[in-house]
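Structure record follows, encoded as structure tokens.
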Amino acid sequence: MKKSIPVKKPTHDSDDRQKPSGVKQPKGRTAKGGSAAESRHHPEKPKKESSSKAPGADVGQQASQLRSAKPGRDDQREALFNSGAVGNFREVMVLQYEVTQICGILFDIDSDCLRVGKIIDEMPADGVKLYERYVRSWLENHPLLSKAEVRFSGRGVHCILHFATPVEIKSDRRREQWDTVIRAVQRSLPSDPEAPSLLAMTRPLGSVNSKTGRQVELIKEGEPVTEQEVLHFAEDLTRRGFATVTQILFGATTVSPCPFCCKVDSTLHAAAPLYRTNDPGVTNRGTCYGCGKVTLTKLVDLVLKGREEVAVDDDANSEAVAPASGDEFDDQDCPFHVPANGQGDE
């Protein structure tokens with residue numbers, strides 16, 4: 001009697017055949033590009049939403065809700081770049097490389113950034129009184145700054161230099177130049193050191209600052225300025241920074257008594273150098289026979305302490321929390337380094 005010989009199954013009928021990677025082929029026929037479960041799904045039956053979430057999804061969603069609920073997030077803003085759009089922060093803000101026009105320069109003067117001392121003897125209650133007591137004279141002490149429009153932001157003061165014709169930004173090089181120029185011009189006044197340059201935004205007139213519940217008002221109308229006026233001012237800061245800032249703060253380049261040592265018969269001399277130079281060691285120094293040489297950093301430090309606590313989405317338009325500024329500025333933080341030649345060239 002012959003033994004029956006088992007017949008081997010053809011390899012192409014086996015469901016356990018191996019891929020080159022060694023992974024078994026899943027059972028069941030599937031549609032191209034889909035799983036077996038998807039191929040069995042009825043086309044008219046709604047799919048069940050997957051309950052699986054990426055790790056940290058709930059935390060990220062809660063953080064996003066907290067950010068959107070923060071006071072001031074939906075307040076109206078007015079861009080000082082491109083077309084001057086008005087809307088909330090997220091609607092108006094763009095990336096820096098997307099700036100193609102500069103419509104104005106913002107000085108954000110806030111009592112949180114100012115120091116009570118030898119220049120400001122008492123901090124005013126709000127921005128309107130701050131302007132009347134101090135900011136008005138600072139602006140009037142310089143012909144360019146006197147053309148600034150002034151708004152009460154609902155808390156502080158926004159001084160804005162509006163360009164008669166927007167400055168065109170057609171290259172990265174020109175964008176970098178104007179970023180440097182605007183930062184130098186902003187530092188001529190004791191304004192918020194964290195305020196943006198090219199991406200500055202103010203609060204539109206008539207809008208409400210949700211943090212204080214007060215309406216944005218026009219304090220003083222401004223006059224349009226030209227590109228060349230701003231460039232000449234920036235060059236002046238480069239050539240005689242200490243003398244220019246002293247003129248703005250005190251109304252003169254010679255101050256008696258000296259605001260540093262306050263000695264009887266002392267005088268702070270801020271005369272500009274007789275020869276042309278942009279060496280900060282020369283242009284950003286003053287002299288007093290009582291206290292010796294004084295740096296521009298120390299002069300600014302008399303009135304500006306910096307923002308010790310920076311809130312998200314504050315009047316300076318900062319999207320993220322900025323690092324806290326210390327009470328003392330580094331000597332290299334304040335001097336103006338603006339190229340004297342070719343500032344407005346392509």
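Just so we're on the same page: first chain in the structure tokens is A, next is B, and so on; residues restart at 1 for each chain, and ligands are numbered from 1 in the order they show up.
Residues within 10 Å of Ala79 of chain A, counting only C-alpha atoms and excluding same-chain residues fewer than 5 positions away, are A:Gly84, A:Ala85, A:Val86, A:Gly87, A:Phe89, A:Val92, A:Met93, A:Val94, A:Ile102, A:Cys103, A:Gly104, A:Leu198, A:Leu199, A:Ala200, A:Met201, A:Thr202, A:Arg203, A:Pro204.
Using only C-alpha atoms, the shortest contact distance between Leu144 of chain A and any of A:Asn82, A:Thr283, A:Gln96, A:Ser188 is found at A:Ser188.
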Per residue of segment 78-140 of chain A within 12 Å of segment 209-227 of chain A, note the shortest atom pair and the distance in Å to one decimal, counting only C-alpha atoms, and order the rows by chain and increasing residue number, as a tab-separated table.
residue	atom	partner	partner_atom	distance
A:Glu78	CA	A:Val216	CA	11.8
A:Asn88	CA	A:Asn209	CA	11.9
A:Gln101	CA	A:Glu227	CA	11.9
A:Ile102	CA	A:Glu227	CA	10.0
A:Cys103	CA	A:Pro224	CA	10.1
A:Gly104	CA	A:Val225	CA	9.1
A:Ile105	CA	A:Val225	CA	10.3
A:Asp126	CA	A:Thr212	CA	10.6
A:Gly127	CA	A:Ile219	CA	9.7
A:Val128	CA	A:Ile219	CA	7.4
A:Lys129	CA	A:Ile219	CA	10.6
A:Leu130	CA	A:Ile219	CA	11.4
A:Tyr131	CA	A:Ile219	CA	8.6
A:Glu132	CA	A:Ile219	CA	9.6
A:Val135	CA	A:Ile219	CA	11.4
A:Arg136	CA	A:Lys220	CA	9.6
A:Leu139	CA	A:Lys220	CA	11.2
Could you write those residues out with all heavy atoms, as a compact mmCIF listing (two decimals), in the first residue's frame?
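Output (part-v2.txt):
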# COMPACT_ATOMS: atom_id res chain seq x y z
N GLU A 78 -2.92 99.66 15.35
CA GLU A 78 -2.74 100.35 14.06
C GLU A 78 -1.28 100.21 13.66
O GLU A 78 -0.38 100.68 14.35
CB GLU A 78 -3.11 101.82 14.19
CG GLU A 78 -2.93 102.62 12.91
CD GLU A 78 -3.26 104.09 13.08
OE1 GLU A 78 -4.07 104.41 13.97
OE2 GLU A 78 -2.70 104.91 12.33
N ASN A 88 -6.77 93.44 15.45
CA ASN A 88 -6.10 92.96 16.65
C ASN A 88 -4.67 92.53 16.31
O ASN A 88 -4.27 92.51 15.15
CB ASN A 88 -6.89 91.82 17.33
CG ASN A 88 -6.99 90.57 16.46
OD1 ASN A 88 -6.02 90.14 15.83
ND2 ASN A 88 -8.17 89.99 16.40
N GLN A 101 7.18 98.78 3.56
CA GLN A 101 7.06 100.22 3.73
C GLN A 101 7.09 100.57 5.22
O GLN A 101 6.56 99.83 6.04
CB GLN A 101 5.75 100.74 3.12
CG GLN A 101 5.69 100.72 1.61
CD GLN A 101 4.39 101.33 1.10
OE1 GLN A 101 3.35 101.26 1.74
NE2 GLN A 101 4.44 101.94 -0.08
N ILE A 102 7.70 101.71 5.52
CA ILE A 102 7.69 102.23 6.89
C ILE A 102 6.89 103.51 6.87
O ILE A 102 7.23 104.48 6.18
CB ILE A 102 9.11 102.50 7.40
CG1 ILE A 102 9.96 101.23 7.31
CG2 ILE A 102 9.09 103.01 8.84
CD1 ILE A 102 11.43 101.45 7.60
N CYS A 103 5.79 103.54 7.62
CA CYS A 103 4.89 104.69 7.63
C CYS A 103 5.17 105.65 8.78
O CYS A 103 4.78 106.82 8.72
CB CYS A 103 3.44 104.23 7.71
SG CYS A 103 2.97 103.08 6.39
N GLY A 104 5.82 105.16 9.83
CA GLY A 104 6.08 106.02 10.98
C GLY A 104 7.04 105.38 11.97
O GLY A 104 7.36 104.19 11.88
N ILE A 105 7.50 106.19 12.92
CA ILE A 105 8.41 105.74 13.98
C ILE A 105 7.71 105.99 15.32
O ILE A 105 7.20 107.08 15.57
CB ILE A 105 9.74 106.51 13.92
CG1 ILE A 105 10.44 106.25 12.59
CG2 ILE A 105 10.65 106.12 15.08
CD1 ILE A 105 11.72 107.05 12.40
N ASP A 126 -0.99 109.50 35.03
CA ASP A 126 -1.30 108.85 33.76
C ASP A 126 -0.52 109.50 32.63
O ASP A 126 0.28 110.42 32.85
CB ASP A 126 -2.80 108.89 33.46
CG ASP A 126 -3.34 110.31 33.37
OD1 ASP A 126 -2.56 111.25 33.08
OD2 ASP A 126 -4.55 110.49 33.57
N GLY A 127 -0.75 109.00 31.40
CA GLY A 127 0.00 109.48 30.25
C GLY A 127 -0.24 110.93 29.90
O GLY A 127 0.67 111.62 29.44
N VAL A 128 -1.46 111.40 30.11
CA VAL A 128 -1.77 112.80 29.78
C VAL A 128 -0.94 113.73 30.67
O VAL A 128 -0.33 114.70 30.20
CB VAL A 128 -3.28 113.09 29.95
CG1 VAL A 128 -3.57 114.56 29.70
CG2 VAL A 128 -4.09 112.20 29.00
N LYS A 129 -0.91 113.45 31.96
CA LYS A 129 -0.14 114.28 32.89
C LYS A 129 1.36 114.11 32.67
O LYS A 129 2.13 115.05 32.85
CB LYS A 129 -0.52 113.94 34.33
CG LYS A 129 -1.96 114.31 34.65
CD LYS A 129 -2.33 113.95 36.08
CE LYS A 129 -3.77 114.34 36.39
NZ LYS A 129 -4.19 113.96 37.76
N LEU A 130 1.77 112.89 32.28
CA LEU A 130 3.17 112.65 31.97
C LEU A 130 3.61 113.52 30.80
O LEU A 130 4.71 114.09 30.80
CB LEU A 130 3.39 111.17 31.64
CG LEU A 130 4.79 110.74 31.21
CD1 LEU A 130 5.80 110.96 32.34
CD2 LEU A 130 4.81 109.27 30.78
N TYR A 131 2.75 113.63 29.79
CA TYR A 131 3.06 114.49 28.64
C TYR A 131 3.16 115.95 29.07
O TYR A 131 4.12 116.64 28.71
CB TYR A 131 1.99 114.33 27.56
CG TYR A 131 2.10 115.37 26.47
CD1 TYR A 131 3.09 115.29 25.50
CD2 TYR A 131 1.22 116.46 26.43
CE1 TYR A 131 3.20 116.26 24.52
CE2 TYR A 131 1.33 117.43 25.45
CZ TYR A 131 2.32 117.33 24.50
OH TYR A 131 2.44 118.30 23.53
N GLU A 132 2.18 116.43 29.80
CA GLU A 132 2.16 117.84 30.20
C GLU A 132 3.38 118.19 31.06
O GLU A 132 3.94 119.28 30.93
CB GLU A 132 0.86 118.15 30.95
CG GLU A 132 -0.39 118.04 30.10
CD GLU A 132 -0.48 119.11 29.03
OE1 GLU A 132 0.26 120.12 29.13
OE2 GLU A 132 -1.28 118.94 28.09
N VAL A 135 7.10 115.14 28.85
CA VAL A 135 7.29 114.75 27.44
C VAL A 135 7.16 115.96 26.52
O VAL A 135 7.89 116.08 25.53
CB VAL A 135 6.30 113.65 27.05
CG1 VAL A 135 6.47 113.27 25.58
CG2 VAL A 135 6.48 112.42 27.93
N ARG A 136 6.26 116.88 26.83
CA ARG A 136 6.07 118.04 25.97
C ARG A 136 7.38 118.81 25.79
O ARG A 136 7.77 119.16 24.66
CB ARG A 136 5.01 118.98 26.56
CG ARG A 136 4.76 120.22 25.70
CD ARG A 136 4.20 121.36 26.54
NE ARG A 136 2.88 121.10 27.03
CZ ARG A 136 1.76 121.44 26.41
NH1 ARG A 136 1.83 122.08 25.24
NH2 ARG A 136 0.59 121.17 26.94
N LEU A 139 10.01 116.94 23.59
CA LEU A 139 9.72 117.03 22.15
C LEU A 139 10.03 118.43 21.61
O LEU A 139 10.60 118.58 20.52
CB LEU A 139 8.26 116.68 21.88
CG LEU A 139 7.81 115.25 22.23
CD1 LEU A 139 6.32 115.10 21.97
CD2 LEU A 139 8.60 114.21 21.46
Which neighbours of Gln247 of chain A fall inside 12 Å, counting only C-alpha atoms, when residues of the same chain fewer than 2 positions from it are skipped, and could you give them as an MDAnalysis selection string?
-> chainID A and resid 137:143 145 188:189 237 240:245 249:255 268:272 299
Near Arg175 of chain A, counting only C-alpha atoms, which residues have an atom at most 10 Å away, once you skip same-chain residues fewer than 2 positions from it, shown as a list in words?
->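 My list of contacting residues is Gln96, Tyr97, Val99, Thr100, Gln101, Ile102, Glu168, Ile169, Lys170, Ser171, Asp172, Arg173, Gln177, Trp178, Asp179, Thr180, Val181, Leu198 and Glu346 of chain A.
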Prev. selection, N, CA, C and O atoms, output as a compact mmCIF listing (two decimals), in the first residue's frame:
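Once written, out-v2.txt looks like this:
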# COMPACT_ATOMS: atom_id res chain seq x y z
N GLN A 96 9.22 90.31 10.04
CA GLN A 96 10.03 91.48 9.73
C GLN A 96 10.42 91.54 8.25
O GLN A 96 10.44 92.62 7.66
N TYR A 97 10.69 90.38 7.66
CA TYR A 97 11.11 90.40 6.25
C TYR A 97 9.95 90.74 5.31
O TYR A 97 10.15 90.99 4.12
N VAL A 99 8.05 93.38 5.79
CA VAL A 99 7.87 94.83 5.82
C VAL A 99 8.41 95.42 4.52
O VAL A 99 9.59 95.26 4.20
N THR A 100 7.56 96.10 3.78
CA THR A 100 7.97 96.71 2.51
C THR A 100 7.88 98.24 2.55
O THR A 100 8.40 98.90 1.67
N GLN A 101 7.18 98.78 3.56
CA GLN A 101 7.06 100.22 3.73
C GLN A 101 7.09 100.57 5.22
O GLN A 101 6.56 99.83 6.04
N ILE A 102 7.70 101.71 5.52
CA ILE A 102 7.69 102.23 6.89
C ILE A 102 6.89 103.51 6.87
O ILE A 102 7.23 104.48 6.18
N GLU A 168 10.25 103.28 1.32
CA GLU A 168 10.19 102.01 0.59
C GLU A 168 11.35 101.11 1.00
O GLU A 168 12.50 101.55 1.04
N ILE A 169 11.03 99.85 1.30
CA ILE A 169 12.05 98.86 1.64
C ILE A 169 12.10 97.84 0.51
O ILE A 169 11.19 97.01 0.37
N LYS A 170 13.15 97.92 -0.30
CA LYS A 170 13.23 97.07 -1.49
C LYS A 170 14.34 96.03 -1.42
O LYS A 170 14.52 95.27 -2.37
N SER A 171 15.07 95.99 -0.32
CA SER A 171 16.16 95.02 -0.20
C SER A 171 16.41 94.74 1.27
O SER A 171 16.04 95.53 2.15
N ASP A 172 17.06 93.60 1.54
CA ASP A 172 17.41 93.25 2.92
C ASP A 172 18.40 94.25 3.51
O ASP A 172 18.35 94.55 4.70
N ARG A 173 19.28 94.74 2.67
CA ARG A 173 20.29 95.69 3.15
C ARG A 173 19.62 96.98 3.61
O ARG A 173 19.95 97.52 4.67
N GLN A 177 19.43 98.65 7.41
CA GLN A 177 19.83 100.04 7.64
C GLN A 177 18.74 100.81 8.39
O GLN A 177 19.02 101.52 9.35
N TRP A 178 17.51 100.64 7.95
CA TRP A 178 16.43 101.38 8.59
C TRP A 178 16.09 100.82 9.97
O TRP A 178 15.64 101.56 10.85
N ASP A 179 16.32 99.57 10.18
CA ASP A 179 16.16 99.01 11.53
C ASP A 179 17.15 99.69 12.48
O ASP A 179 16.80 100.08 13.61
N THR A 180 18.40 99.88 12.03
CA THR A 180 19.42 100.56 12.83
C THR A 180 19.08 102.03 13.04
O THR A 180 19.20 102.55 14.16
N VAL A 181 18.63 102.69 11.98
CA VAL A 181 18.29 104.12 12.08
C VAL A 181 17.14 104.33 13.06
O VAL A 181 17.20 105.21 13.93
N LEU A 198 10.90 98.22 13.20
CA LEU A 198 10.18 98.12 11.93
C LEU A 198 8.74 97.64 12.11
O LEU A 198 7.88 97.93 11.29
N GLU A 346 20.45 102.16 -1.54
CA GLU A 346 20.01 100.77 -1.75
C GLU A 346 21.15 99.80 -1.45
O GLU A 346 22.29 100.11 -1.71
Mind the document's chain letters and residue numbers, and return as a VMD selection string the residues of segment 140-322 of chain A that DSSP labels alpha helix (DSSP H).
-> chain A and resid 140 172 to 186 227 to 250 280 to 283 296 to 301
Preceding selection exported with C-alpha atoms as a PDB file, in the first residue's frame:
ATOM      1  CA  GLU A 140       9.862 120.826  21.900  1.00  0.00           C
ATOM      2  CA  ASP A 172      17.406  93.249   2.918  1.00  0.00           C
ATOM      3  CA  ARG A 173      20.288  95.693   3.148  1.00  0.00           C
ATOM      4  CA  ARG A 174      17.955  98.676   3.218  1.00  0.00           C
ATOM      5  CA  ARG A 175      15.763  96.908   5.769  1.00  0.00           C
ATOM      6  CA  GLU A 176      18.758  96.405   8.071  1.00  0.00           C
ATOM      7  CA  GLN A 177      19.829 100.039   7.641  1.00  0.00           C
ATOM      8  CA  TRP A 178      16.429 101.379   8.588  1.00  0.00           C
ATOM      9  CA  ASP A 179      16.164  99.014  11.532  1.00  0.00           C
ATOM     10  CA  THR A 180      19.419 100.557  12.835  1.00  0.00           C
ATOM     11  CA  VAL A 181      18.292 104.116  12.078  1.00  0.00           C
ATOM     12  CA  ILE A 182      14.924 103.705  13.818  1.00  0.00           C
ATOM     13  CA  ARG A 183      16.483 102.147  16.919  1.00  0.00           C
ATOM     14  CA  ALA A 184      18.935 105.042  17.191  1.00  0.00           C
ATOM     15  CA  VAL A 185      16.154 107.611  16.779  1.00  0.00           C
ATOM     16  CA  GLN A 186      14.000 105.835  19.394  1.00  0.00           C
ATOM     17  CA  GLU A 227      13.030 110.483   5.009  1.00  0.00           C
ATOM     18  CA  GLN A 228      15.976 112.888   4.793  1.00  0.00           C
ATOM     19  CA  GLU A 229      14.993 114.688   7.994  1.00  0.00           C
ATOM     20  CA  VAL A 230      15.108 111.399   9.907  1.00  0.00           C
ATOM     21  CA  LEU A 231      18.417 110.381   8.319  1.00  0.00           C
ATOM     22  CA  HIS A 232      19.982 113.747   9.211  1.00  0.00           C
ATOM     23  CA  PHE A 233      18.780 113.327  12.790  1.00  0.00           C
ATOM     24  CA  ALA A 234      20.286 109.831  12.929  1.00  0.00           C
ATOM     25  CA  GLU A 235      23.596 111.179  11.613  1.00  0.00           C
ATOM     26  CA  ASP A 236      23.482 113.944  14.227  1.00  0.00           C
ATOM     27  CA  LEU A 237      23.100 111.284  16.921  1.00  0.00           C
ATOM     28  CA  THR A 238      26.123 109.503  15.471  1.00  0.00           C
ATOM     29  CA  ARG A 239      28.288 112.649  15.403  1.00  0.00           C
ATOM     30  CA  ARG A 240      27.194 114.256  18.693  1.00  0.00           C
ATOM     31  CA  GLY A 241      25.025 111.789  20.600  1.00  0.00           C
ATOM     32  CA  PHE A 242      25.676 113.076  24.128  1.00  0.00           C
ATOM     33  CA  ALA A 243      25.095 116.710  23.181  1.00  0.00           C
ATOM     34  CA  THR A 244      21.875 115.910  21.287  1.00  0.00           C
ATOM     35  CA  VAL A 245      20.341 113.869  24.117  1.00  0.00           C
ATOM     36  CA  THR A 246      21.353 116.516  26.669  1.00  0.00           C
ATOM     37  CA  GLN A 247      19.640 119.155  24.527  1.00  0.00           C
ATOM     38  CA  ILE A 248      16.461 117.044  24.397  1.00  0.00           C
ATOM     39  CA  LEU A 249      16.317 116.309  28.144  1.00  0.00           C
ATOM     40  CA  PHE A 250      17.446 119.688  29.509  1.00  0.00           C
ATOM     41  CA  PRO A 280      31.511 106.632  20.717  1.00  0.00           C
ATOM     42  CA  GLY A 281      34.344 107.438  23.121  1.00  0.00           C
ATOM     43  CA  VAL A 282      34.202 111.020  21.857  1.00  0.00           C
ATOM     44  CA  THR A 283      30.621 111.560  20.665  1.00  0.00           C
ATOM     45  CA  LEU A 296      25.763 108.681  27.474  1.00  0.00           C
ATOM     46  CA  THR A 297      24.593 105.458  29.107  1.00  0.00           C
ATOM     47  CA  LYS A 298      24.703 107.075  32.533  1.00  0.00           C
ATOM     48  CA  LEU A 299      22.919 110.158  31.231  1.00  0.00           C
ATOM     49  CA  VAL A 300      20.031 108.060  29.895  1.00  0.00           C
ATOM     50  CA  ASP A 301      20.079 106.016  33.110  1.00  0.00           C
TER      51      ASP A 301
END
Distance atom CA of Leu161 of chain A-atom CA of Ser111 of chain A, one decimal place?
-> 20.6 Å
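A straight line drawn from atom CA of Ile109 of chain A to atom CA of Asp192 of chain A is 5.9 Å long.
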Which parts of segment 58-212 of chain A does DSSP call strand (DSSP E) when run on the backbone here, written out as a count of residues only?
-> 34
Within 7 Å of Val157 of chain A, counting only C-alpha atoms, which residues show up once you throw out same-chain ones fewer than 5 positions away? Write them as a compact mmCIF listing (two decimals) with all heavy atoms, in the first residue's frame, please.
# COMPACT_ATOMS: atom_id res chain seq x y z
N ASP A 108 7.39 104.77 22.54
CA ASP A 108 6.44 104.32 23.56
C ASP A 108 6.98 104.74 24.93
O ASP A 108 7.89 104.11 25.47
CB ASP A 108 6.28 102.80 23.48
CG ASP A 108 5.28 102.26 24.49
OD1 ASP A 108 4.55 103.07 25.08
OD2 ASP A 108 5.23 101.03 24.68
N ILE A 109 6.44 105.81 25.49
CA ILE A 109 6.92 106.34 26.76
C ILE A 109 5.94 105.94 27.85
O ILE A 109 4.78 106.39 27.85
CB ILE A 109 7.08 107.88 26.70
CG1 ILE A 109 8.03 108.25 25.55
CG2 ILE A 109 7.60 108.42 28.01
CD1 ILE A 109 8.24 109.73 25.36
N ASP A 110 6.40 105.09 28.73
CA ASP A 110 5.55 104.48 29.75
C ASP A 110 6.17 104.71 31.12
O ASP A 110 7.39 104.59 31.29
CB ASP A 110 5.42 102.98 29.46
CG ASP A 110 4.30 102.32 30.24
OD1 ASP A 110 3.93 102.85 31.31
OD2 ASP A 110 3.81 101.29 29.78
N GLY A 127 -0.75 109.00 31.40
CA GLY A 127 0.00 109.48 30.25
C GLY A 127 -0.24 110.93 29.90
O GLY A 127 0.67 111.62 29.44
N VAL A 150 1.11 112.98 19.20
CA VAL A 150 1.12 112.40 20.54
C VAL A 150 -0.26 111.84 20.85
O VAL A 150 -1.27 112.54 20.69
CB VAL A 150 1.52 113.44 21.61
CG1 VAL A 150 1.58 112.79 22.99
CG2 VAL A 150 2.87 114.06 21.26
N ARG A 151 -0.30 110.58 21.28
CA ARG A 151 -1.55 109.94 21.66
C ARG A 151 -1.45 109.43 23.11
O ARG A 151 -0.41 108.94 23.53
CB ARG A 151 -1.86 108.75 20.75
CG ARG A 151 -2.04 109.09 19.30
CD ARG A 151 -2.39 107.87 18.46
NE ARG A 151 -2.44 108.18 17.03
CZ ARG A 151 -2.79 107.32 16.08
NH1 ARG A 151 -3.13 106.08 16.42
NH2 ARG A 151 -2.81 107.69 14.81
N PHE A 152 -2.55 109.56 23.82
CA PHE A 152 -2.69 108.89 25.11
C PHE A 152 -3.14 107.47 24.82
O PHE A 152 -4.20 107.25 24.24
CB PHE A 152 -3.71 109.62 25.98
CG PHE A 152 -4.09 108.86 27.22
CD1 PHE A 152 -3.14 108.48 28.16
CD2 PHE A 152 -5.42 108.53 27.45
CE1 PHE A 152 -3.50 107.77 29.30
CE2 PHE A 152 -5.79 107.83 28.59
CZ PHE A 152 -4.82 107.45 29.51
